[in-house]
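Okay, data-v2.txt is below, compact mmCIF, C-alpha atoms:
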# COMPACT_ATOMS: atom_id res chain seq x y z
CA MET K 1 14.83 -6.54 20.87
CA SER K 2 16.17 -6.59 17.37
CA PRO K 3 19.74 -6.27 16.12
CA ASP K 4 18.87 -2.73 15.08
CA SER K 5 17.20 -1.75 18.25
CA PRO K 6 18.71 1.59 19.32
CA PRO K 7 15.62 3.73 18.80
CA ALA K 8 17.51 6.82 17.69
CA ALA K 9 19.12 4.84 14.90
CA VAL K 10 15.88 3.76 13.28
CA PRO K 11 15.99 5.22 9.78
CA ALA K 12 13.08 7.44 8.95
CA PRO K 13 11.73 7.46 5.43
CA ASP K 14 9.74 10.59 4.67
CA LEU K 15 6.04 10.19 4.94
CA SER K 16 3.77 13.18 5.27
CA PRO K 17 1.00 12.93 7.88
CA SER K 18 -1.50 12.83 5.03
CA ALA K 19 -0.04 9.48 4.01
CA VAL K 20 -1.53 7.91 7.15
CA GLN K 21 -4.42 5.62 6.29
CA SER K 22 -7.74 5.29 8.06
CA PRO K 23 -7.53 3.49 11.43
CA PRO K 24 -7.85 -0.31 11.37
CA GLY K 25 -10.52 -2.31 13.18
CA LEU K 26 -9.90 -4.65 16.11
CA LEU K 27 -9.61 -7.83 14.06
CA GLU K 28 -7.34 -6.08 11.60
CA LEU K 29 -5.11 -4.95 14.50
CA PHE K 30 -4.96 -8.47 15.91
CA VAL K 31 -4.09 -10.00 12.53
CA ALA K 32 -1.54 -7.32 11.67
CA PHE K 33 0.32 -7.73 14.97
CA ALA K 34 0.13 -11.52 14.73
CA LYS K 35 1.76 -11.32 11.30
CA MET K 36 4.52 -8.96 12.46
CA SER K 37 5.15 -11.14 15.46
CA LEU K 38 5.38 -14.38 13.51
CA ALA K 39 7.66 -12.79 10.91
CA GLY K 40 9.92 -11.34 13.58
CA PHE K 41 12.54 -13.77 14.46
CA GLY K 42 15.20 -12.60 16.82
CA GLY K 43 13.19 -9.44 17.43
CA VAL K 44 9.95 -7.97 16.20
CA LEU K 45 10.80 -4.27 16.09
CA VAL K 46 12.00 -4.20 12.49
CA TRP K 47 8.82 -5.95 11.33
CA ALA K 48 6.58 -3.81 13.48
CA ARG K 49 8.09 -0.74 11.88
CA ARG K 50 7.73 -2.17 8.42
CA GLY K 51 4.10 -3.16 9.05
CA ILE K 52 2.91 -0.05 10.86
CA VAL K 53 4.78 2.63 8.91
CA ASP K 54 5.61 1.26 5.46
CA GLN K 55 2.93 -1.30 4.73
CA HIS K 56 -0.25 -0.16 6.48
CA ARG K 57 0.71 3.51 6.93
CA TRP K 58 -1.06 3.66 10.26
CA MET K 59 1.62 5.98 11.62
CA THR K 60 4.26 8.27 10.15
CA ALA K 61 7.90 7.37 10.76
CA ASP K 62 8.17 10.21 13.29
CA GLN K 63 5.11 9.10 15.20
CA PHE K 64 6.50 5.59 15.28
CA ASN K 65 9.91 6.71 16.55
CA GLU K 66 8.29 8.83 19.22
CA THR K 67 6.05 5.97 20.36
CA PHE K 68 8.97 3.57 20.39
CA ALA K 69 11.17 5.97 22.36
CA LEU K 70 8.46 6.12 25.02
CA CYS K 71 8.20 2.34 25.16
CA HIS K 72 11.98 2.00 25.24
CA PHE K 73 12.48 3.93 28.44
CA LEU K 74 9.54 2.35 30.20
CA PRO K 75 10.28 -0.98 31.89
CA GLY K 76 9.16 -4.26 30.37
CA PRO K 77 9.34 -5.82 26.93
CA ASN K 78 9.49 -2.82 24.57
CA ILE K 79 7.62 -4.31 21.68
CA VAL K 80 4.78 -5.51 23.92
CA ASN K 81 4.47 -2.02 25.36
CA LEU K 82 4.50 -0.64 21.83
CA ALA K 83 1.64 -2.90 20.75
CA MET K 84 -0.42 -1.80 23.74
CA VAL K 85 0.28 1.90 23.28
CA PHE K 86 -0.20 1.80 19.51
CA GLY K 87 -3.42 -0.22 19.66
CA SER K 88 -4.92 1.98 22.33
CA ARG K 89 -4.05 5.18 20.45
CA ILE K 90 -5.94 3.81 17.46
CA ARG K 91 -8.94 2.05 19.03
CA GLY K 92 -8.88 2.75 22.76
CA ILE K 93 -8.34 0.03 25.36
CA ALA K 94 -9.93 -2.65 23.15
CA GLY K 95 -7.47 -1.77 20.38
CA GLY K 96 -4.58 -2.05 22.81
CA ILE K 97 -5.74 -5.47 23.93
CA ALA K 98 -6.26 -6.63 20.33
CA ALA K 99 -2.72 -5.62 19.34
CA PHE K 100 -1.26 -7.05 22.57
CA ALA K 101 -3.05 -10.37 22.03
CA GLY K 102 -2.09 -10.50 18.34
CA LEU K 103 1.55 -9.96 19.23
CA LEU K 104 1.66 -12.55 22.01
CA VAL K 105 -0.89 -15.33 21.54
CA PRO K 106 0.27 -16.98 18.29
CA PRO K 107 4.01 -17.09 19.12
CA MET K 108 3.18 -18.10 22.68
CA ALA K 109 1.28 -21.11 21.36
CA ILE K 110 4.29 -22.05 19.22
CA MET K 111 6.62 -21.53 22.17
CA THR K 112 4.48 -23.75 24.40
CA ILE K 113 4.57 -26.54 21.82
CA LEU K 114 8.36 -26.19 21.55
CA ALA K 115 8.62 -26.24 25.34
CA ALA K 116 6.61 -29.47 25.45
CA LEU K 117 8.82 -31.00 22.75
CA TYR K 118 11.92 -29.92 24.65
CA ALA K 119 10.59 -31.38 27.90
CA ARG K 120 9.94 -34.68 26.13
CA TYR K 121 12.86 -34.96 23.73
CA GLY K 122 15.39 -32.56 25.26
CA GLU K 123 17.63 -35.40 26.36
CA ILE K 124 18.03 -36.84 22.85
CA ASP K 125 21.69 -36.53 22.00
CA ALA K 126 21.37 -35.11 18.47
CA LEU K 127 18.93 -32.43 19.67
CA ARG K 128 21.19 -31.51 22.57
CA ARG K 129 24.11 -31.06 20.19
CA ILE K 130 22.07 -28.93 17.78
CA LEU K 131 20.78 -26.74 20.58
CA ALA K 132 24.28 -26.35 21.98
CA GLY K 133 25.47 -25.11 18.59
CA VAL K 134 22.50 -22.81 18.10
CA SER K 135 22.91 -21.28 21.53
CA CYS K 136 26.57 -20.50 20.86
CA ALA K 137 25.55 -18.58 17.74
CA ALA K 138 22.58 -16.96 19.53
CA VAL K 139 24.85 -15.59 22.25
CA GLY K 140 27.10 -14.19 19.54
CA LEU K 141 24.10 -12.37 18.04
CA LEU K 142 23.28 -10.85 21.42
CA ILE K 143 26.88 -9.69 21.85
CA ALA K 144 26.69 -8.08 18.39
CA VAL K 145 23.57 -6.15 19.44
CA VAL K 146 25.42 -4.90 22.50
CA LEU K 147 28.40 -3.82 20.38
CA ARG K 148 26.15 -2.00 17.93
CA MET K 149 24.36 -0.19 20.73
CA MET K 150 27.69 0.80 22.29
CA MET K 151 29.00 2.46 19.14
CA PRO K 152 27.11 5.77 19.55
CA LEU K 153 28.44 6.12 23.12
CA ILE K 154 31.98 5.51 21.95
CA LYS K 155 31.65 7.84 18.96
CA GLN K 156 30.32 10.62 21.19
CA ARG K 157 33.16 9.98 23.68
CA ASP K 158 30.49 9.65 26.34
CA VAL K 159 32.81 8.78 29.25
CA VAL K 160 30.03 8.85 31.85
CA GLY K 161 27.86 6.56 29.74
CA VAL K 162 30.68 4.07 29.29
CA VAL K 163 31.47 4.10 33.02
CA VAL K 164 27.79 3.51 33.92
CA LEU K 165 27.63 0.75 31.31
CA ALA K 166 30.76 -0.94 32.69
CA ALA K 167 29.61 -0.62 36.31
CA VAL K 168 26.24 -2.24 35.54
CA PHE K 169 27.95 -4.93 33.49
CA ILE K 170 30.28 -5.83 36.36
CA ALA K 171 27.60 -5.65 39.06
CA ILE K 172 25.15 -7.88 37.17
CA GLY K 173 27.32 -10.00 34.90
CA VAL K 174 30.39 -10.62 37.08
CA MET K 175 29.22 -10.09 40.66
CA ARG K 176 25.73 -11.46 39.90
CA LEU K 177 23.97 -8.99 42.16
CA PRO K 178 20.15 -8.85 42.13
CA LEU K 179 18.70 -6.61 39.43
CA GLN K 180 16.44 -4.59 41.72
CA ALA K 181 19.26 -3.65 44.09
CA VAL K 182 21.56 -2.60 41.25
CA LEU K 183 18.88 -0.55 39.49
CA LEU K 184 17.72 1.19 42.66
CA VAL K 185 21.26 2.55 42.96
CA ALA K 186 22.13 2.90 39.27
CA ILE K 187 19.01 4.65 37.92
CA PRO K 188 18.96 7.65 40.30
CA LEU K 189 22.74 7.93 40.10
CA SER K 190 22.76 7.85 36.30
CA ILE K 191 19.95 10.42 36.04
CA ALA K 192 21.70 12.69 38.56
CA ILE K 193 25.00 12.49 36.67
CA THR K 194 23.26 13.12 33.33
CA ILE K 195 21.53 16.24 34.68
CA PHE K 196 24.77 17.44 36.31
CA MET K 197 26.75 17.00 33.09
CA ARG K 198 24.10 18.81 31.02
CA ARG K 199 24.10 21.74 33.43
CA ARG K 200 27.88 22.01 33.24
CA SER K 201 28.01 21.87 29.46
CA PRO K 202 24.68 22.91 28.00
CA ALA K 203 24.88 21.46 24.49
CA MET X 1 8.60 -14.27 49.40
CA ASN X 2 7.92 -17.92 49.79
CA PHE X 3 4.79 -19.19 48.13
CA GLY X 4 6.07 -22.69 48.65
CA ALA X 5 3.44 -25.06 47.36
CA ASN X 6 2.03 -23.04 44.50
CA PRO X 7 4.54 -22.71 41.66
CA VAL X 8 2.11 -20.70 39.49
CA ALA X 9 1.79 -18.02 42.18
CA THR X 10 5.57 -17.96 42.52
CA LEU X 11 5.88 -17.45 38.75
CA ILE X 12 3.36 -14.62 38.76
CA VAL X 13 5.04 -12.78 41.62
CA THR X 14 8.55 -13.39 40.27
CA PHE X 15 7.91 -12.22 36.73
CA GLY X 16 5.41 -9.52 37.62
CA LEU X 17 8.00 -7.94 39.86
CA MET X 18 10.82 -8.50 37.40
CA SER X 19 8.96 -6.85 34.53
CA LEU X 20 8.76 -3.58 36.44
CA PHE X 21 12.55 -3.57 36.71
CA ALA X 22 13.17 -4.77 33.15
CA VAL X 23 14.73 -1.56 31.88
CA GLY X 24 15.90 -2.00 28.31
CA GLY X 25 13.60 -4.84 27.41
CA ALA X 26 13.66 -8.60 27.62
CA ASN X 27 17.31 -9.18 26.75
CA ALA X 28 18.37 -6.90 29.58
CA ALA X 29 16.35 -9.01 32.02
CA ILE X 30 18.15 -12.26 31.08
CA PRO X 31 20.68 -12.07 33.96
CA GLU X 32 17.88 -11.69 36.48
CA MET X 33 15.91 -14.56 34.89
CA HIS X 34 19.06 -16.68 35.02
CA ARG X 35 19.80 -15.72 38.62
CA ILE X 36 16.29 -16.62 39.76
CA ALA X 37 15.67 -19.69 37.59
CA VAL X 38 19.09 -21.29 38.10
CA ASP X 39 20.62 -19.93 41.31
CA VAL X 40 17.70 -18.96 43.54
CA ARG X 41 14.81 -21.27 42.65
CA HIS X 42 16.74 -24.16 41.04
CA TRP X 43 14.08 -24.52 38.38
CA MET X 44 16.69 -25.60 35.83
CA THR X 45 20.41 -26.09 35.26
CA ASP X 46 22.74 -23.62 33.62
CA LYS X 47 22.75 -25.81 30.51
CA GLN X 48 18.95 -25.98 30.34
CA PHE X 49 18.81 -22.21 30.61
CA ALA X 50 21.16 -21.92 27.63
CA ASP X 51 18.99 -24.42 25.71
CA ILE X 52 15.88 -22.42 26.48
CA TYR X 53 17.55 -19.24 25.31
CA ALA X 54 18.47 -20.98 22.05
CA ILE X 55 14.88 -22.20 21.56
CA SER X 56 13.50 -18.72 22.22
CA GLN X 57 15.85 -17.32 19.58
CA LEU X 58 14.88 -20.02 17.09
CA SER X 59 11.17 -19.33 17.24
CA PRO X 60 9.27 -16.28 16.04
CA GLY X 61 7.84 -13.61 18.28
CA PRO X 62 9.11 -11.12 20.83
CA ASN X 63 12.25 -12.13 22.75
CA VAL X 64 10.38 -11.83 26.01
CA LEU X 65 8.74 -15.19 25.27
CA ILE X 66 11.72 -16.93 26.86
CA VAL X 67 9.58 -16.57 30.01
CA THR X 68 6.96 -18.82 28.38
CA LEU X 69 9.61 -21.54 28.25
CA ILE X 70 10.73 -20.94 31.84
CA GLY X 71 7.09 -21.00 32.97
CA TYR X 72 6.47 -24.26 31.13
CA THR X 73 9.50 -25.86 32.77
CA VAL X 74 8.10 -24.93 36.19
CA ALA X 75 4.37 -25.63 35.82
CA TRP X 76 3.55 -26.77 32.28
CA VAL X 77 0.91 -24.90 30.30
CA ALA X 78 -0.46 -23.02 33.31
CA GLY X 79 3.07 -21.94 34.14
CA ALA X 80 3.75 -20.84 30.57
CA LEU X 81 0.63 -18.71 30.55
CA ALA X 82 1.17 -17.29 34.05
CA ALA X 83 4.80 -16.34 33.46
CA THR X 84 4.09 -14.69 30.10
CA LEU X 85 1.12 -12.66 31.31
CA ALA X 86 2.89 -11.66 34.54
CA MET X 87 5.86 -10.43 32.50
CA CYS X 88 3.78 -8.55 29.90
CA VAL X 89 0.55 -7.23 31.41
CA PRO X 90 1.74 -4.94 34.25
CA THR X 91 4.16 -2.97 32.10
CA ALA X 92 1.72 -2.81 29.18
CA VAL X 93 -0.82 -1.23 31.53
CA LEU X 94 1.84 1.14 32.82
CA ALA X 95 2.82 2.03 29.25
CA TYR X 96 -0.82 2.70 28.42
CA TYR X 97 -1.24 5.18 31.27
CA VAL X 98 2.11 6.88 30.80
CA SER X 99 1.48 7.32 27.08
CA ARG X 100 -1.87 8.96 27.81
CA LEU X 101 -0.18 11.18 30.36
CA LEU X 102 2.65 12.15 28.02
CA THR X 103 0.66 12.94 24.90
CA ARG X 104 0.31 16.50 26.16
CA THR X 105 3.76 16.95 27.66
CA SER X 106 5.86 15.55 24.82
CA GLN X 107 7.85 18.79 24.65
CA SER X 108 9.26 18.20 28.12
CA ARG X 109 13.01 17.55 28.36
CA TRP X 110 12.53 14.86 31.00
CA PRO X 111 12.01 11.98 28.57
CA ALA X 112 15.26 12.91 26.81
CA ILE X 113 17.22 13.07 30.06
CA ILE X 114 15.77 9.84 31.39
CA GLN X 115 16.50 8.12 28.11
CA ALA X 116 20.07 9.41 28.00
CA ALA X 117 20.55 8.13 31.54
CA LEU X 118 18.96 4.74 30.91
CA VAL X 119 20.52 3.80 27.58
CA PRO X 120 24.03 3.00 28.97
CA LEU X 121 22.38 1.15 31.81
CA SER X 122 20.37 -1.11 29.54
CA ILE X 123 23.40 -1.75 27.32
CA GLY X 124 25.34 -2.78 30.44
CA LEU X 125 22.51 -5.16 31.35
CA MET X 126 22.49 -6.69 27.89
CA GLY X 127 26.27 -7.05 28.02
CA ALA X 128 25.84 -8.92 31.29
CA SER X 129 23.27 -11.16 29.56
CA GLY X 130 25.84 -11.94 26.90
CA LEU X 131 28.49 -12.80 29.49
CA ILE X 132 26.20 -15.03 31.56
CA LEU X 133 24.89 -16.89 28.51
CA ALA X 134 28.40 -17.27 27.09
CA GLN X 135 29.56 -18.81 30.36
CA ALA X 136 26.65 -21.25 30.17
CA THR X 137 27.17 -22.23 26.51
CA ASP X 138 30.78 -21.82 25.59
CA ARG X 139 32.31 -24.87 27.22
CA SER X 140 34.87 -25.53 24.47
CA LEU X 141 37.26 -23.53 22.34
CA ILE X 142 35.22 -24.18 19.21
CA ALA X 143 32.03 -23.10 20.97
CA ALA X 144 33.72 -19.83 21.95
CA LEU X 145 34.88 -19.42 18.35
CA VAL X 146 31.32 -19.93 17.04
CA THR X 147 30.07 -17.28 19.47
CA SER X 148 32.75 -14.76 18.52
CA GLY X 149 32.32 -15.54 14.83
CA ALA X 150 28.57 -14.95 15.01
CA ALA X 151 29.15 -11.77 17.04
CA LEU X 152 31.61 -10.38 14.51
CA LEU X 153 29.48 -11.30 11.48
CA ALA X 154 26.32 -9.86 12.97
CA PHE X 155 28.18 -6.73 14.06
CA ALA X 156 29.95 -6.07 10.79
CA THR X 157 27.45 -7.30 8.17
CA ARG X 158 23.72 -7.21 7.46
CA LEU X 159 23.58 -10.97 7.05
CA ASN X 160 20.28 -12.47 8.23
CA PRO X 161 20.84 -13.84 11.78
CA PHE X 162 19.01 -16.99 10.75
CA TRP X 163 22.05 -18.20 8.78
CA MET X 164 24.30 -17.90 11.82
CA LEU X 165 21.87 -19.85 13.99
CA LEU X 166 21.64 -22.47 11.25
CA ALA X 167 25.42 -22.69 10.97
CA GLY X 168 25.65 -23.06 14.75
CA GLY X 169 23.05 -25.82 14.67
CA ILE X 170 24.90 -27.69 11.90
CA LEU X 171 28.24 -27.43 13.72
CA GLY X 172 26.51 -28.63 16.86
CA PHE X 173 24.89 -31.56 15.09
CA ALA X 174 28.26 -32.50 13.64
CA GLY X 175 29.50 -32.72 17.20
CA LEU X 176 32.08 -29.96 16.82
CA VAL X 177 30.79 -27.54 19.44
Would you mind giving the structure from this file in structure tokens?
Amino acid sequence: MSPDSPPAAVPAPDLSPSAVQSPPGLLELFVAFAKMSLAGFGGVLVWARRGIVDQHRWMTADQFNETFALCHFLPGPNIVNLAMVFGSRIRGIAGGIAAFAGLLVPPMAIMTILAALYARYGEIDALRRILAGVSCAAVGLLIAVVLRMMMPLIKQRDVVGVVVLAAVFIAIGVMRLPLQAVLLVAIPLSIAITIFMRRRSPA
Amino acid sequence: MNFGANPVATLIVTFGLMSLFAVGGANAAIPEMHRIAVDVRHWMTDKQFADIYAISQLSPGPNVLIVTLIGYTVAWVAGALAATLAMCVPTAVLAYYVSRLLTRTSQSRWPAIIQAALVPLSIGLMGASGLILAQATDRSLIAALVTSGAALLAFATRLNPFWMLLAGGILGFAGLV
């Protein structure tokens, strides 16, 4: 997830449907997603958008937002889902797999090498100190993403949303309850409250 | 679920199951990864988990690849591969089928309602990730200041996150954190 990840907030430059180029082949899909993935540091979404909409013009901004919204409310890593859905819309299952593999294989290879280096040299004092410093900053970046995503709820005075947010935060972050148990209660409850509120005040 | 002897099978079951509950993406699943890797399975210490998170942020690619690092810690290359595929394949398949199903019903109001209901939930999960990671990393006043400084800068400016990670690394190397 990127620092700009709330899907509704993705800015949409105007591109008419006619601006969409001819569909790419399998290799082209693999290479394009590998490039986006390797450029995307701290989150691939921004680069995926840039590559798919602005650079290659494989989708209009609206199509991209719609596809991302779908992948955002499905479980699992959003950007991985997006690669699969995008690839398969262009070139069927094989296209989905090509995009999926392009997104995951190259960075996974890098990650495995880093993991091996960490396993071997992780106890070296200088490295430990550097990692400690980097992780402090990395946590700060995550907190900033959370704050940015919270702003729309606060601006809309969405009391229910804030209460749900706080309840999940306490259940998972403070009480350390298992995710499944919390979600099995929170998801139906949150959907029920959302429907109830919309019925009461049809906006 | 005790698969005892076979750590790769344990990884597949653990992350396969987790992915289906990972509402809001990889960062929202961090608390659950932490709970299982540190508290339940004792695959690593709190500190190692924080290190792994830092490494995953330092390298390119989707954030979900922190599971590659967890998998490697448990069962080397086979573990890295198993954990990553288990975390990514089931939901990608689900996404594929749902997207085919929804192409005709995109006018429905259900996606909007479900999204409105899930957004606060996934923000709460990510907030919990932030808290758990902060408790693992911020063991000194200066460390807490680095975290809050990075949070404020990233929240208020468009500065490339790389510079904040670099600054954190330099402060760490200098032994200040």
**Study point:** CA of Val146 in chain X to CA of Val177 in chain X, distance in Å rounded to a single decimal
**Key:**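 CA of Val177 in chain X lies 8.0 Å from CA of Val146 in chain X.
The coordinates place CA of Thr68 in chain X at 10.5 Å from CA of Leu11 in chain X.
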**Study point:** Length of the CA of Lys35 in chain K to CA of Ala83 in chain X vector [Å]
**Key:**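 CA of Ala83 in chain X lies 22.9 Å from CA of Lys35 in chain K.
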So that all listed atoms of range 157-176 of chain K fit with 4 Å spare on each side, what axis-aligned box centre and edge lengths in Å, to one decimal, would you give as lines of an AutoDock Vina configuration file?
center_x = 29.2
center_y = -0.7
center_z = 32.2
size_x = 16.0
size_y = 29.4
size_z = 25.0
Gly175 in chain X: which residues within 7 Å, counting all atoms listed in the file, same-chain residues fewer than 3 positions away excluded, as a JSON list (two decimals) with C-alpha atoms, in the coordinates of the input?
[["chain", "number", "residue", "atom", "x", "y", "z"],
["K", 129, "ARG", "CA", 24.11, -31.06, 20.19],
["X", 171, "LEU", "CA", 28.24, -27.43, 13.72],
["X", 172, "GLY", "CA", 26.51, -28.63, 16.86]]
**Study point:** Shell around range 98-102 of chain K at 10 Å using all atoms listed in the file, local window under 6 positions removed, as an MDAnalysis selection string
**Key:** (chainID K and resid 25:38 79:88 91 108) or (chainID X and resid 88:89 92)
Could those selected residues go to a file with C-alpha atoms, as an mmCIF file, keeping the file's coordinate frame?
data_model
loop_
_atom_site.group_PDB
_atom_site.id
_atom_site.type_symbol
_atom_site.label_atom_id
_atom_site.label_comp_id
_atom_site.auth_asym_id
_atom_site.auth_seq_id
_atom_site.Cartn_x
_atom_site.Cartn_y
_atom_site.Cartn_z
ATOM 1 C CA GLY K 25 -10.520 -2.310 13.180
ATOM 2 C CA LEU K 26 -9.900 -4.650 16.110
ATOM 3 C CA LEU K 27 -9.610 -7.830 14.060
ATOM 4 C CA GLU K 28 -7.340 -6.080 11.600
ATOM 5 C CA LEU K 29 -5.110 -4.950 14.500
ATOM 6 C CA PHE K 30 -4.960 -8.470 15.910
ATOM 7 C CA VAL K 31 -4.090 -10.000 12.530
ATOM 8 C CA ALA K 32 -1.540 -7.320 11.670
ATOM 9 C CA PHE K 33 0.320 -7.730 14.970
ATOM 10 C CA ALA K 34 0.130 -11.520 14.730
ATOM 11 C CA LYS K 35 1.760 -11.320 11.300
ATOM 12 C CA MET K 36 4.520 -8.960 12.460
ATOM 13 C CA SER K 37 5.150 -11.140 15.460
ATOM 14 C CA LEU K 38 5.380 -14.380 13.510
ATOM 15 C CA ILE K 79 7.620 -4.310 21.680
ATOM 16 C CA VAL K 80 4.780 -5.510 23.920
ATOM 17 C CA ASN K 81 4.470 -2.020 25.360
ATOM 18 C CA LEU K 82 4.500 -0.640 21.830
ATOM 19 C CA ALA K 83 1.640 -2.900 20.750
ATOM 20 C CA MET K 84 -0.420 -1.800 23.740
ATOM 21 C CA VAL K 85 0.280 1.900 23.280
ATOM 22 C CA PHE K 86 -0.200 1.800 19.510
ATOM 23 C CA GLY K 87 -3.420 -0.220 19.660
ATOM 24 C CA SER K 88 -4.920 1.980 22.330
ATOM 25 C CA ARG K 91 -8.940 2.050 19.030
ATOM 26 C CA MET K 108 3.180 -18.100 22.680
ATOM 27 C CA CYS X 88 3.780 -8.550 29.900
ATOM 28 C CA VAL X 89 0.550 -7.230 31.410
ATOM 29 C CA ALA X 92 1.720 -2.810 29.180
#
Working from the structure I just supplied, which lacks atoms in range 90-102 of chain K, can you model N, CA, C and O atoms there and output them as a JSON list (two decimals), in the frame of the given file?
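Now in rebuild-v4.json:
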[["chain", "number", "residue", "atom", "x", "y", "z"],
["K", 90, "ILE", "N", -5.09, 3.94, 18.64],
["K", 90, "ILE", "CA", -5.94, 3.81, 17.46],
["K", 90, "ILE", "C", -7.39, 3.50, 17.83],
["K", 90, "ILE", "O", -8.32, 4.10, 17.31],
["K", 91, "ARG", "N", -7.58, 2.54, 18.74],
["K", 91, "ARG", "CA", -8.94, 2.05, 19.03],
["K", 91, "ARG", "C", -9.23, 1.97, 20.52],
["K", 91, "ARG", "O", -10.00, 1.09, 20.94],
["K", 92, "GLY", "N", -8.61, 2.80, 21.32],
["K", 92, "GLY", "CA", -8.88, 2.75, 22.76],
["K", 92, "GLY", "C", -8.37, 1.46, 23.38],
["K", 92, "GLY", "O", -7.58, 0.74, 22.78],
["K", 93, "ILE", "N", -8.81, 1.20, 24.60],
["K", 93, "ILE", "CA", -8.34, 0.03, 25.36],
["K", 93, "ILE", "C", -8.51, -1.26, 24.56],
["K", 93, "ILE", "O", -7.61, -2.09, 24.50],
["K", 94, "ALA", "N", -9.66, -1.42, 23.91],
["K", 94, "ALA", "CA", -9.93, -2.65, 23.15],
["K", 94, "ALA", "C", -8.88, -2.81, 22.05],
["K", 94, "ALA", "O", -8.39, -3.93, 21.81],
["K", 95, "GLY", "N", -8.50, -1.73, 21.41],
["K", 95, "GLY", "CA", -7.47, -1.77, 20.38],
["K", 95, "GLY", "C", -6.14, -2.21, 20.95],
["K", 95, "GLY", "O", -5.41, -3.00, 20.35],
["K", 96, "GLY", "N", -5.83, -1.67, 22.13],
["K", 96, "GLY", "CA", -4.58, -2.05, 22.81],
["K", 96, "GLY", "C", -4.56, -3.54, 23.09],
["K", 96, "GLY", "O", -3.55, -4.21, 22.84],
["K", 97, "ILE", "N", -5.68, -4.04, 23.60],
["K", 97, "ILE", "CA", -5.74, -5.47, 23.93],
["K", 97, "ILE", "C", -5.65, -6.32, 22.66],
["K", 97, "ILE", "O", -4.97, -7.34, 22.64],
["K", 98, "ALA", "N", -6.30, -5.87, 21.59],
["K", 98, "ALA", "CA", -6.26, -6.63, 20.33],
["K", 98, "ALA", "C", -4.83, -6.73, 19.82],
["K", 98, "ALA", "O", -4.36, -7.81, 19.43],
["K", 99, "ALA", "N", -4.10, -5.61, 19.83],
["K", 99, "ALA", "CA", -2.72, -5.62, 19.34],
["K", 99, "ALA", "C", -1.83, -6.46, 20.26],
["K", 99, "ALA", "O", -1.01, -7.26, 19.79],
["K", 100, "PHE", "N", -2.01, -6.29, 21.55],
["K", 100, "PHE", "CA", -1.26, -7.05, 22.57],
["K", 100, "PHE", "C", -1.47, -8.55, 22.37],
["K", 100, "PHE", "O", -0.52, -9.32, 22.33],
["K", 101, "ALA", "N", -2.73, -8.95, 22.19],
["K", 101, "ALA", "CA", -3.05, -10.37, 22.03],
["K", 101, "ALA", "C", -2.50, -10.89, 20.70],
["K", 101, "ALA", "O", -1.95, -11.99, 20.63],
["K", 102, "GLY", "N", -2.61, -10.09, 19.64],
["K", 102, "GLY", "CA", -2.09, -10.50, 18.34],
["K", 102, "GLY", "C", -0.60, -10.74, 18.40],
["K", 102, "GLY", "O", -0.08, -11.71, 17.84]]
